[in-house]
Amino acid sequence: MAEETITNLANIKHIILVLSGKGGVGKSSITTQLALCLVNSGNKVGVLDIDLTGPSIPRMLGVDEKQVHQASTGWVPVYLDENQQLCCMSIGFLLQNKNDSVIWRGPKKTAMIRQFLTDVCWGELDYLIIDTPPGTSDEHISIAESLKDVKPDGAVIVTTPQAVALADVRKELNFCKKVKLPILGVIENMSGFVCPHCEECTNLFSTGGGEAMAREFEVDFLGRVPIDPSFTLMLEPSSTPESNDFKNTLLAKYPKSNLFQVFSRITDNVVAKPNQMEWRLLHQALVYQAKEGQEKLLNEVKASENATDIDDDVEIDID
Amino acid sequence: MVVTNIPENAPAHCPGPDTEQAGKASACAGCPNQNICATTPKGPDPAIPLINERLHQVKHKLLILSGKGGVGKSTFTSQLAFAFASDENTQVGVVDIDVCGPSIPKIMGLEGEQIHQSMSGWSPVYVQDNLGVMSIGFMLPDPDDAVIWRGPKKNGLIKQFLKDVDWGELDFLLVDTPPGTSDEHLSITQYLKESGIDGAILITTPQEVSIQDVRKEIDFCRKVKIPIIGVSNLYNEGESHTIVTI
């Protein structure tokens with residue numbers, strides 16, 4: 001089973017999880033924006049939605065009418081554009097009716113997540129972003145266990161600035177520590193609302209809470225994302241008749257929005273981290289090699305000393 | 001109460017996975033699930049009579065549900081509880097079954113409180129004389145501790161909240177739930193089935209993304225046969241008109 005996981009995920013360069021202990025803080029919208037920014041800088045991106053009882057990704061990306069097709073290599077994810085730069089997979093595509101509820105207990109959810117990892121043919125991807133449900137339960141344990149061998153780059157933690165959300169997000173940080181998932185950093189979502197008329201920033205849910213928490217847990221703070229109603233509007237289905245090619249316009253429209261500026265900086269921060277981590281790993285490997293070499297040398301020296309000792313002994317014996 | 005729901009792909013003459021003969025009948029030989037059927041405990045959960053006994057003094061049980069997270073289930077629960085409790089003669093209980101992200105202690109200003117044990121069971125934390133609260137948040141050694149539990153363990157705790165807590169006489173028991181339609185939701189409906197749930201209040205916010213998840217929750221309520229008392233639209237004017245109908 002574990003080997004299967006690796007074969008289908010083998011051509012994916014980076015895997016990033018989006019986590020939060022609290023619901024409704026914007027995990028799916030952060031996932032969407034991260035994906036859009038990465039696509040915009042020329043990457044091939046896949047989005048996997050493992051929120052089984054409340055999948056939001058199909059709606060966010062405007063593909064909730066699409067279906068998943070079966071190919072000989074596995075499930076074909078839903079592509080958003082003709083160049084196949086952005087694709088996604090969610091349980092939403094597998095439901096007959098999108099209002100159907102998925103009333104599953106843990107083991108069934110675990111099996112589904114396993115299947116998403118083993119059976120979806122992602123092909124070659126630069127980034128796979130995994131959107132999760134709130135909490136620290138079955139889905140999270142399963143994904144952390146399944147990805148152990150693949151070594152994901154790490155997790156992006158999403159929070160909103162108010163204390164109630166932070167309380168739950170702290171739990172998520174502790175979860176990451178317990179399952180040894182590297183934390184790429186914290187994003188503070190819904191941090192202020194810029195009035196479209198007077199451009200004054202109102203902090204609806206206070207501000208700075210995410211940054212303080214990041215400092216407390218000694219993880220990086222990746223940035224703040226303000227509330228922007230125009231982004232929400234972008235995601236709502238347009239009432240105009242040309243809503244059919246809406247899916248293409250999200251990719252085209254997003255770079256023109258105000259949030260894009262803010263979010264590309266955050267994306268840069270996120271992207272920089274895995275590279276740093278690669279460097280760190282490389283550095284560790286080099287240090288390790290150097291140490292090993294040193295030890296080898298020392299051992300050789302010791303061995304040669306011992307050898308001479310033996311030689312001496314032998315000589316003495318002969319004498 | 002024996003429910004026989006024979007799976008579609010079962011061998012012929014399958015006695016049904018819930019029956020006494022499950023896994024032991026001759027038809028079971030060779031069935032891949034024989035072992036599972038033979039070993040799972042049969043019959044109704046022995047805890048259910050205890051729950052019924054404990055909760056028979058509770059007049060109304062209400063679930064606060066939403067498919068989506070962060071729409072204000074806990075805020076609504078606490079406000080509703082305070083509203084009920086504003087009448088001194090109304091006894092109110094709040095149980096928070098969001099095991100992985102309990103918000104009720106924080107929202108009701110009870111952080112750092114602890115649960116006490118007595119002969120008659122766990123006693124809830126009282127905000128005022130007629131308003132008792134129970135949440136996993138009161139049981140964690142450190143409020144930042146993550147509760148990394150799979151389904152069965154969560155179910156066990158929910159069962160204990162219903163079975164072992166000394167609620168006493170209550171007019172209203174409000175159940176705050178986590179988002180989704182999974183273990184916690186199935187368990188609470190299962191455990192409260194016999195003692196009766198008055199209904200569910202669904203919470204949503206106005207965006208389509210949120211409403212979409214709430215539609216799933218409505219579908220859930222229909223499937224498990226819980227009456228829906230009303231839908232409340234938070235972050236919007238014209239709230240709290242849903243309660244009158246009880």
# chains A, B, ... in the order shown; residues from 1 in each chain; ligands from 1

call {"tool": "interface_residues", "arguments": {"of": "chain B", "to": "chain A", "cutoff": "6 Å", "atoms": "only C-alpha atoms", "output": "PDB file with N, CA, C and O atoms, in the first residue's frame"}}
result
ATOM      1  N   GLY B  69     -17.580  25.241   9.219  1.00  0.00           N
ATOM      2  CA  GLY B  69     -16.944  25.693  10.453  1.00  0.00           C
ATOM      3  C   GLY B  69     -16.920  27.207  10.519  1.00  0.00           C
ATOM      4  O   GLY B  69     -17.010  27.890   9.499  1.00  0.00           O
ATOM      5  N   GLY B  70     -16.803  27.725  11.727  1.00  0.00           N
ATOM      6  CA  GLY B  70     -16.623  29.165  11.898  1.00  0.00           C
ATOM      7  C   GLY B  70     -17.814  30.018  11.524  1.00  0.00           C
ATOM      8  O   GLY B  70     -17.680  31.197  11.246  1.00  0.00           O
ATOM      9  N   CYS B 100     -12.217  18.128  19.196  1.00  0.00           N
ATOM     10  CA  CYS B 100     -10.907  18.588  18.717  1.00  0.00           C
ATOM     11  C   CYS B 100     -10.751  20.103  18.771  1.00  0.00           C
ATOM     12  O   CYS B 100      -9.640  20.606  18.710  1.00  0.00           O
ATOM     13  N   GLY B 101     -11.838  20.836  18.867  1.00  0.00           N
ATOM     14  CA  GLY B 101     -11.720  22.293  18.913  1.00  0.00           C
ATOM     15  C   GLY B 101     -12.805  22.904  19.776  1.00  0.00           C
ATOM     16  O   GLY B 101     -13.679  23.611  19.284  1.00  0.00           O
ATOM     17  N   ASP B 144      -3.634  24.473  25.366  1.00  0.00           N
ATOM     18  CA  ASP B 144      -3.100  24.351  24.010  1.00  0.00           C
ATOM     19  C   ASP B 144      -2.926  22.905  23.559  1.00  0.00           C
ATOM     20  O   ASP B 144      -2.545  22.655  22.425  1.00  0.00           O
ATOM     21  N   ASP B 145      -3.151  21.958  24.456  1.00  0.00           N
ATOM     22  CA  ASP B 145      -2.957  20.561  24.087  1.00  0.00           C
ATOM     23  C   ASP B 145      -3.872  20.170  22.943  1.00  0.00           C
ATOM     24  O   ASP B 145      -5.059  20.482  22.952  1.00  0.00           O
ATOM     25  N   ALA B 146      -3.312  19.454  21.967  1.00  0.00           N
ATOM     26  CA  ALA B 146      -4.132  18.968  20.867  1.00  0.00           C
ATOM     27  C   ALA B 146      -4.746  17.638  21.271  1.00  0.00           C
ATOM     28  O   ALA B 146      -4.073  16.805  21.866  1.00  0.00           O
ATOM     29  N   ILE B 148      -5.670  14.567  19.746  1.00  0.00           N
ATOM     30  CA  ILE B 148      -5.507  13.861  18.475  1.00  0.00           C
ATOM     31  C   ILE B 148      -6.165  12.500  18.607  1.00  0.00           C
ATOM     32  O   ILE B 148      -5.516  11.521  18.939  1.00  0.00           O
ATOM     33  N   TRP B 149      -7.446  12.492  18.386  1.00  0.00           N
ATOM     34  CA  TRP B 149      -8.230  11.268  18.588  1.00  0.00           C
ATOM     35  C   TRP B 149      -8.932  10.879  17.319  1.00  0.00           C
ATOM     36  O   TRP B 149      -9.451  11.709  16.596  1.00  0.00           O
ATOM     37  N   ARG B 150      -9.007   9.566  17.121  1.00  0.00           N
ATOM     38  CA  ARG B 150      -9.847   9.053  16.049  1.00  0.00           C
ATOM     39  C   ARG B 150     -11.265   8.869  16.582  1.00  0.00           C
ATOM     40  O   ARG B 150     -11.506   8.989  17.783  1.00  0.00           O
ATOM     41  N   GLY B 151     -12.168   8.486  15.664  1.00  0.00           N
ATOM     42  CA  GLY B 151     -13.589   8.383  15.979  1.00  0.00           C
ATOM     43  C   GLY B 151     -13.977   7.674  17.274  1.00  0.00           C
ATOM     44  O   GLY B 151     -14.631   8.265  18.128  1.00  0.00           O
ATOM     45  N   GLY B 180     -19.416  19.489  10.160  1.00  0.00           N
ATOM     46  CA  GLY B 180     -19.354  18.236   9.422  1.00  0.00           C
ATOM     47  C   GLY B 180     -20.513  17.309   9.710  1.00  0.00           C
ATOM     48  O   GLY B 180     -21.468  17.652  10.395  1.00  0.00           O
ATOM     49  N   THR B 181     -20.412  16.110   9.156  1.00  0.00           N
ATOM     50  CA  THR B 181     -21.443  15.090   9.351  1.00  0.00           C
ATOM     51  C   THR B 181     -20.740  13.773   9.581  1.00  0.00           C
ATOM     52  O   THR B 181     -20.775  12.893   8.757  1.00  0.00           O
ATOM     53  N   SER B 182     -20.066  13.685  10.717  1.00  0.00           N
ATOM     54  CA  SER B 182     -19.245  12.493  10.900  1.00  0.00           C
ATOM     55  C   SER B 182     -19.454  11.856  12.269  1.00  0.00           C
ATOM     56  O   SER B 182     -20.547  11.907  12.808  1.00  0.00           O
ATOM     57  N   ASP B 183     -18.403  11.303  12.824  1.00  0.00           N
ATOM     58  CA  ASP B 183     -18.516  10.519  14.063  1.00  0.00           C
ATOM     59  C   ASP B 183     -19.337  11.181  15.153  1.00  0.00           C
ATOM     60  O   ASP B 183     -20.266  10.587  15.687  1.00  0.00           O
ATOM     61  N   ASP B 213     -22.571  23.786   2.337  1.00  0.00           N
ATOM     62  CA  ASP B 213     -22.303  22.802   3.378  1.00  0.00           C
ATOM     63  C   ASP B 213     -23.509  22.610   4.280  1.00  0.00           C
ATOM     64  O   ASP B 213     -23.737  21.521   4.802  1.00  0.00           O
ATOM     65  N   ARG B 215     -26.591  22.780   3.345  1.00  0.00           N
ATOM     66  CA  ARG B 215     -27.534  21.911   2.642  1.00  0.00           C
ATOM     67  C   ARG B 215     -27.223  20.455   2.942  1.00  0.00           C
ATOM     68  O   ARG B 215     -28.112  19.640   3.110  1.00  0.00           O
ATOM     69  N   LYS B 216     -25.934  20.144   3.014  1.00  0.00           N
ATOM     70  CA  LYS B 216     -25.534  18.777   3.352  1.00  0.00           C
ATOM     71  C   LYS B 216     -26.035  18.414   4.748  1.00  0.00           C
ATOM     72  O   LYS B 216     -26.437  17.291   5.014  1.00  0.00           O
ATOM     73  N   ASP B 219     -29.605  17.587   4.702  1.00  0.00           N
ATOM     74  CA  ASP B 219     -29.725  16.236   4.182  1.00  0.00           C
ATOM     75  C   ASP B 219     -29.430  15.216   5.285  1.00  0.00           C
ATOM     76  O   ASP B 219     -30.134  14.217   5.436  1.00  0.00           O
ATOM     77  N   PHE B 220     -28.405  15.523   6.096  1.00  0.00           N
ATOM     78  CA  PHE B 220     -28.044  14.655   7.228  1.00  0.00           C
ATOM     79  C   PHE B 220     -29.218  14.533   8.196  1.00  0.00           C
ATOM     80  O   PHE B 220     -29.598  13.442   8.600  1.00  0.00           O
TER      81      PHE B 220
END

call {"tool": "residues_around", "arguments": {"residues": "range 77-81 of chain B", "least_positions_apart": "4", "cutoff": "7 Å", "atoms": "only C-alpha atoms", "output": "list of chain:residue names"}}
result
B:Ile64, B:Lys73, B:Ala85, B:Val92, B:Met108, B:Leu174, B:Asp176

call {"tool": "closest_residue", "arguments": {"among": "B:Gly16, B:Gly196, B:Pro46, B:Pro7", "to": "Lys59 in chain B", "atoms": "only C-alpha atoms"}}
result
B:Gly196

call {"tool": "residues_around", "arguments": {"residues": "range 208-218 of chain A", "least_positions_apart": "3", "cutoff": "7 Å", "atoms": "only C-alpha atoms", "output": "NGL selection string"}}
result
:A and (159-162 or 186 or 188 or 221)

call {"tool": "write_last_selection", "arguments": {"atoms": "C-alpha atoms", "output": "compact mmCIF listing (two decimals), in the first residue's frame"}}
result
# COMPACT_ATOMS: atom_id res chain seq x y z
CA THR A 159 -5.84 31.47 11.55
CA THR A 160 -7.97 34.52 12.08
CA PRO A 161 -6.84 37.12 14.62
CA GLN A 162 -9.44 36.62 17.36
CA VAL A 186 1.29 30.96 9.93
CA GLU A 188 -3.42 35.46 9.42
CA PHE A 221 4.76 34.41 10.18

call {"tool": "residues_around", "arguments": {"residues": "Leu202 in chain B", "least_positions_apart": "3", "cutoff": "6 Å", "atoms": "only C-alpha atoms", "output": "ChimeraX atom specification"}}
result
/B:65-66,231

call {"tool": "residues_around", "arguments": {"residues": "range 74-81 of chain A", "least_positions_apart": "3", "cutoff": "12 Å", "atoms": "only C-alpha atoms", "output": "ChimeraX atom specification"}}
result
/A:4,7-8,35-36,39,44-49,57-58,60-71,84-94,115-123,245-252

call {"tool": "select_by_dssp", "arguments": {"residues": "range 31-256 of chain A", "states": "strand (DSSP E)", "output": "JSON, numbers by chain"}}
result
{"A": [45, 46, 47, 48, 49, 69, 70, 71, 74, 75, 76, 78, 79, 86, 87, 88, 89, 90, 125, 126, 127, 128, 129, 130, 131, 154, 155, 156, 157, 158, 159, 183, 184, 185, 186, 187, 188, 193, 194, 201, 202, 221, 222, 223, 224]}

call {"tool": "residues_around", "arguments": {"residues": "Glu113 in chain B", "least_positions_apart": "5", "cutoff": "9 Å", "atoms": "only C-alpha atoms", "output": "list in words"}}
result
Pro105, Val125, Gly137, Phe138 and Met139 of chain B

call {"tool": "write_last_selection", "arguments": {"atoms": "N, CA, C and O atoms", "output": "JSON list (two decimals), in the first residue's frame"}}
result
[["chain", "number", "residue", "atom", "x", "y", "z"],
["B", 105, "PRO", "N", -15.79, 26.87, 26.34],
["B", 105, "PRO", "CA", -15.19, 27.45, 27.56],
["B", 105, "PRO", "C", -14.75, 28.89, 27.36],
["B", 105, "PRO", "O", -14.99, 29.75, 28.20],
["B", 125, "VAL", "N", -19.65, 22.56, 34.96],
["B", 125, "VAL", "CA", -19.20, 23.86, 35.44],
["B", 125, "VAL", "C", -20.38, 24.82, 35.36],
["B", 125, "VAL", "O", -21.01, 24.93, 34.31],
["B", 137, "GLY", "N", -12.75, 21.01, 27.02],
["B", 137, "GLY", "CA", -11.80, 22.07, 27.36],
["B", 137, "GLY", "C", -11.50, 22.13, 28.85],
["B", 137, "GLY", "O", -10.42, 22.57, 29.25],
["B", 138, "PHE", "N", -12.44, 21.67, 29.69],
["B", 138, "PHE", "CA", -12.22, 21.69, 31.13],
["B", 138, "PHE", "C", -11.33, 20.55, 31.60],
["B", 138, "PHE", "O", -10.94, 20.49, 32.75],
["B", 139, "MET", "N", -11.05, 19.61, 30.70],
["B", 139, "MET", "CA", -10.35, 18.40, 31.13],
["B", 139, "MET", "C", -8.91, 18.35, 30.66],
["B", 139, "MET", "O", -8.18, 17.44, 30.99]]

call {"tool": "select_by_dssp", "arguments": {"residues": "range 52-219 of chain A", "states": "helix (DSSP H, G or I)", "output": "number ranges by chain"}}
result
A: 57-60, 91-94, 106-119, 138-146, 163-178, 209-216

call {"tool": "residues_around", "arguments": {"residues": "Ile48 in chain B", "least_positions_apart": "3", "cutoff": "12 Å", "atoms": "only C-alpha atoms", "output": "short mmCIF file (atom, residue, chain, number, x, y, z; two decimals) with N, CA and C atoms, in the first residue's frame"}}
result
data_model
loop_
_atom_site.label_atom_id
_atom_site.label_comp_id
_atom_site.auth_asym_id
_atom_site.auth_seq_id
_atom_site.Cartn_x
_atom_site.Cartn_y
_atom_site.Cartn_z
N MET B 1 -34.12 -4.50 20.25
CA MET B 1 -34.17 -3.78 18.97
C MET B 1 -33.10 -4.35 18.04
N GLY B 43 -26.50 -6.41 19.51
CA GLY B 43 -27.57 -5.84 20.30
C GLY B 43 -27.36 -4.37 20.56
N PRO B 44 -28.31 -3.75 21.24
CA PRO B 44 -28.19 -2.32 21.50
C PRO B 44 -27.05 -2.02 22.45
N ASP B 45 -26.53 -0.83 22.34
CA ASP B 45 -25.42 -0.39 23.19
C ASP B 45 -25.86 -0.41 24.66
N ILE B 51 -27.99 6.24 29.60
CA ILE B 51 -28.18 7.61 29.10
C ILE B 51 -29.64 8.03 29.26
N ASN B 52 -30.53 7.12 28.92
CA ASN B 52 -31.96 7.43 29.04
C ASN B 52 -32.32 7.79 30.47
N GLU B 53 -31.76 6.99 31.41
CA GLU B 53 -32.08 7.22 32.81
C GLU B 53 -31.57 8.59 33.25
N ARG B 54 -30.33 8.88 32.80
CA ARG B 54 -29.71 10.14 33.19
C ARG B 54 -30.46 11.34 32.62
N LEU B 55 -30.95 11.19 31.40
CA LEU B 55 -31.53 12.34 30.71
C LEU B 55 -33.05 12.39 30.75
N HIS B 56 -33.69 11.49 31.52
CA HIS B 56 -35.15 11.51 31.49
C HIS B 56 -35.72 12.75 32.18
N LYS B 159 -20.22 9.76 24.87
CA LYS B 159 -21.06 8.87 25.65
C LYS B 159 -20.95 9.21 27.13
N GLN B 160 -19.72 9.47 27.57
CA GLN B 160 -19.51 9.80 28.98
C GLN B 160 -20.18 11.12 29.36
N LEU B 162 -22.85 12.21 28.27
CA LEU B 162 -24.28 12.03 28.41
C LEU B 162 -24.61 11.11 29.59
N LYS B 163 -23.72 10.14 29.81
CA LYS B 163 -24.01 9.07 30.77
C LYS B 163 -23.54 9.44 32.17
N ASP B 164 -22.40 10.09 32.27
CA ASP B 164 -21.76 10.26 33.57
C ASP B 164 -21.89 11.66 34.16
N SER B 187 -22.85 9.78 16.50
CA SER B 187 -22.91 9.25 17.85
C SER B 187 -23.97 9.96 18.66
N ILE B 188 -23.99 11.27 18.61
CA ILE B 188 -24.94 12.00 19.45
C ILE B 188 -26.37 11.64 19.07
N THR B 189 -26.63 11.50 17.76
CA THR B 189 -28.00 11.16 17.37
C THR B 189 -28.34 9.74 17.81
N GLN B 190 -27.34 8.87 17.72
CA GLN B 190 -27.56 7.49 18.12
C GLN B 190 -27.83 7.40 19.62
N TYR B 191 -27.02 8.08 20.40
CA TYR B 191 -27.15 7.98 21.86
C TYR B 191 -28.43 8.64 22.37
N LEU B 192 -28.85 9.68 21.66
CA LEU B 192 -30.03 10.42 22.14
C LEU B 192 -31.33 9.96 21.48
N LYS B 193 -31.21 8.97 20.60
CA LYS B 193 -32.36 8.55 19.82
C LYS B 193 -33.53 8.17 20.73
N GLU B 194 -33.23 7.34 21.73
CA GLU B 194 -34.33 6.82 22.55
C GLU B 194 -34.88 7.85 23.51
N SER B 195 -33.99 8.69 24.04
CA SER B 195 -34.50 9.70 24.96
C SER B 195 -35.09 10.89 24.21
N GLY B 196 -34.86 10.92 22.90
CA GLY B 196 -35.59 11.89 22.07
C GLY B 196 -34.89 13.22 21.91
#

call {"tool": "atom_distance", "arguments": {"atom1": "CA of Ile183 in chain A", "atom2": "CA of Leu17 in chain A"}}
result
9.4 Å

call {"tool": "atom_distance", "arguments": {"atom1": "CA of Leu131 in chain B", "atom2": "CA of Val94 in chain B"}}
result
7.6 Å

call {"tool": "closest_residue", "arguments": {"among": "A:Ala10, A:Ile266, A:Pro182, A:Ile30", "to": "Asp149 in chain A", "atoms": "only C-alpha atoms"}}
result
A:Ala10

call {"tool": "atom_distance", "arguments": {"atom1": "CA of Val99 in chain B", "atom2": "CA of Pro152 in chain A"}}
result
26.8 Å
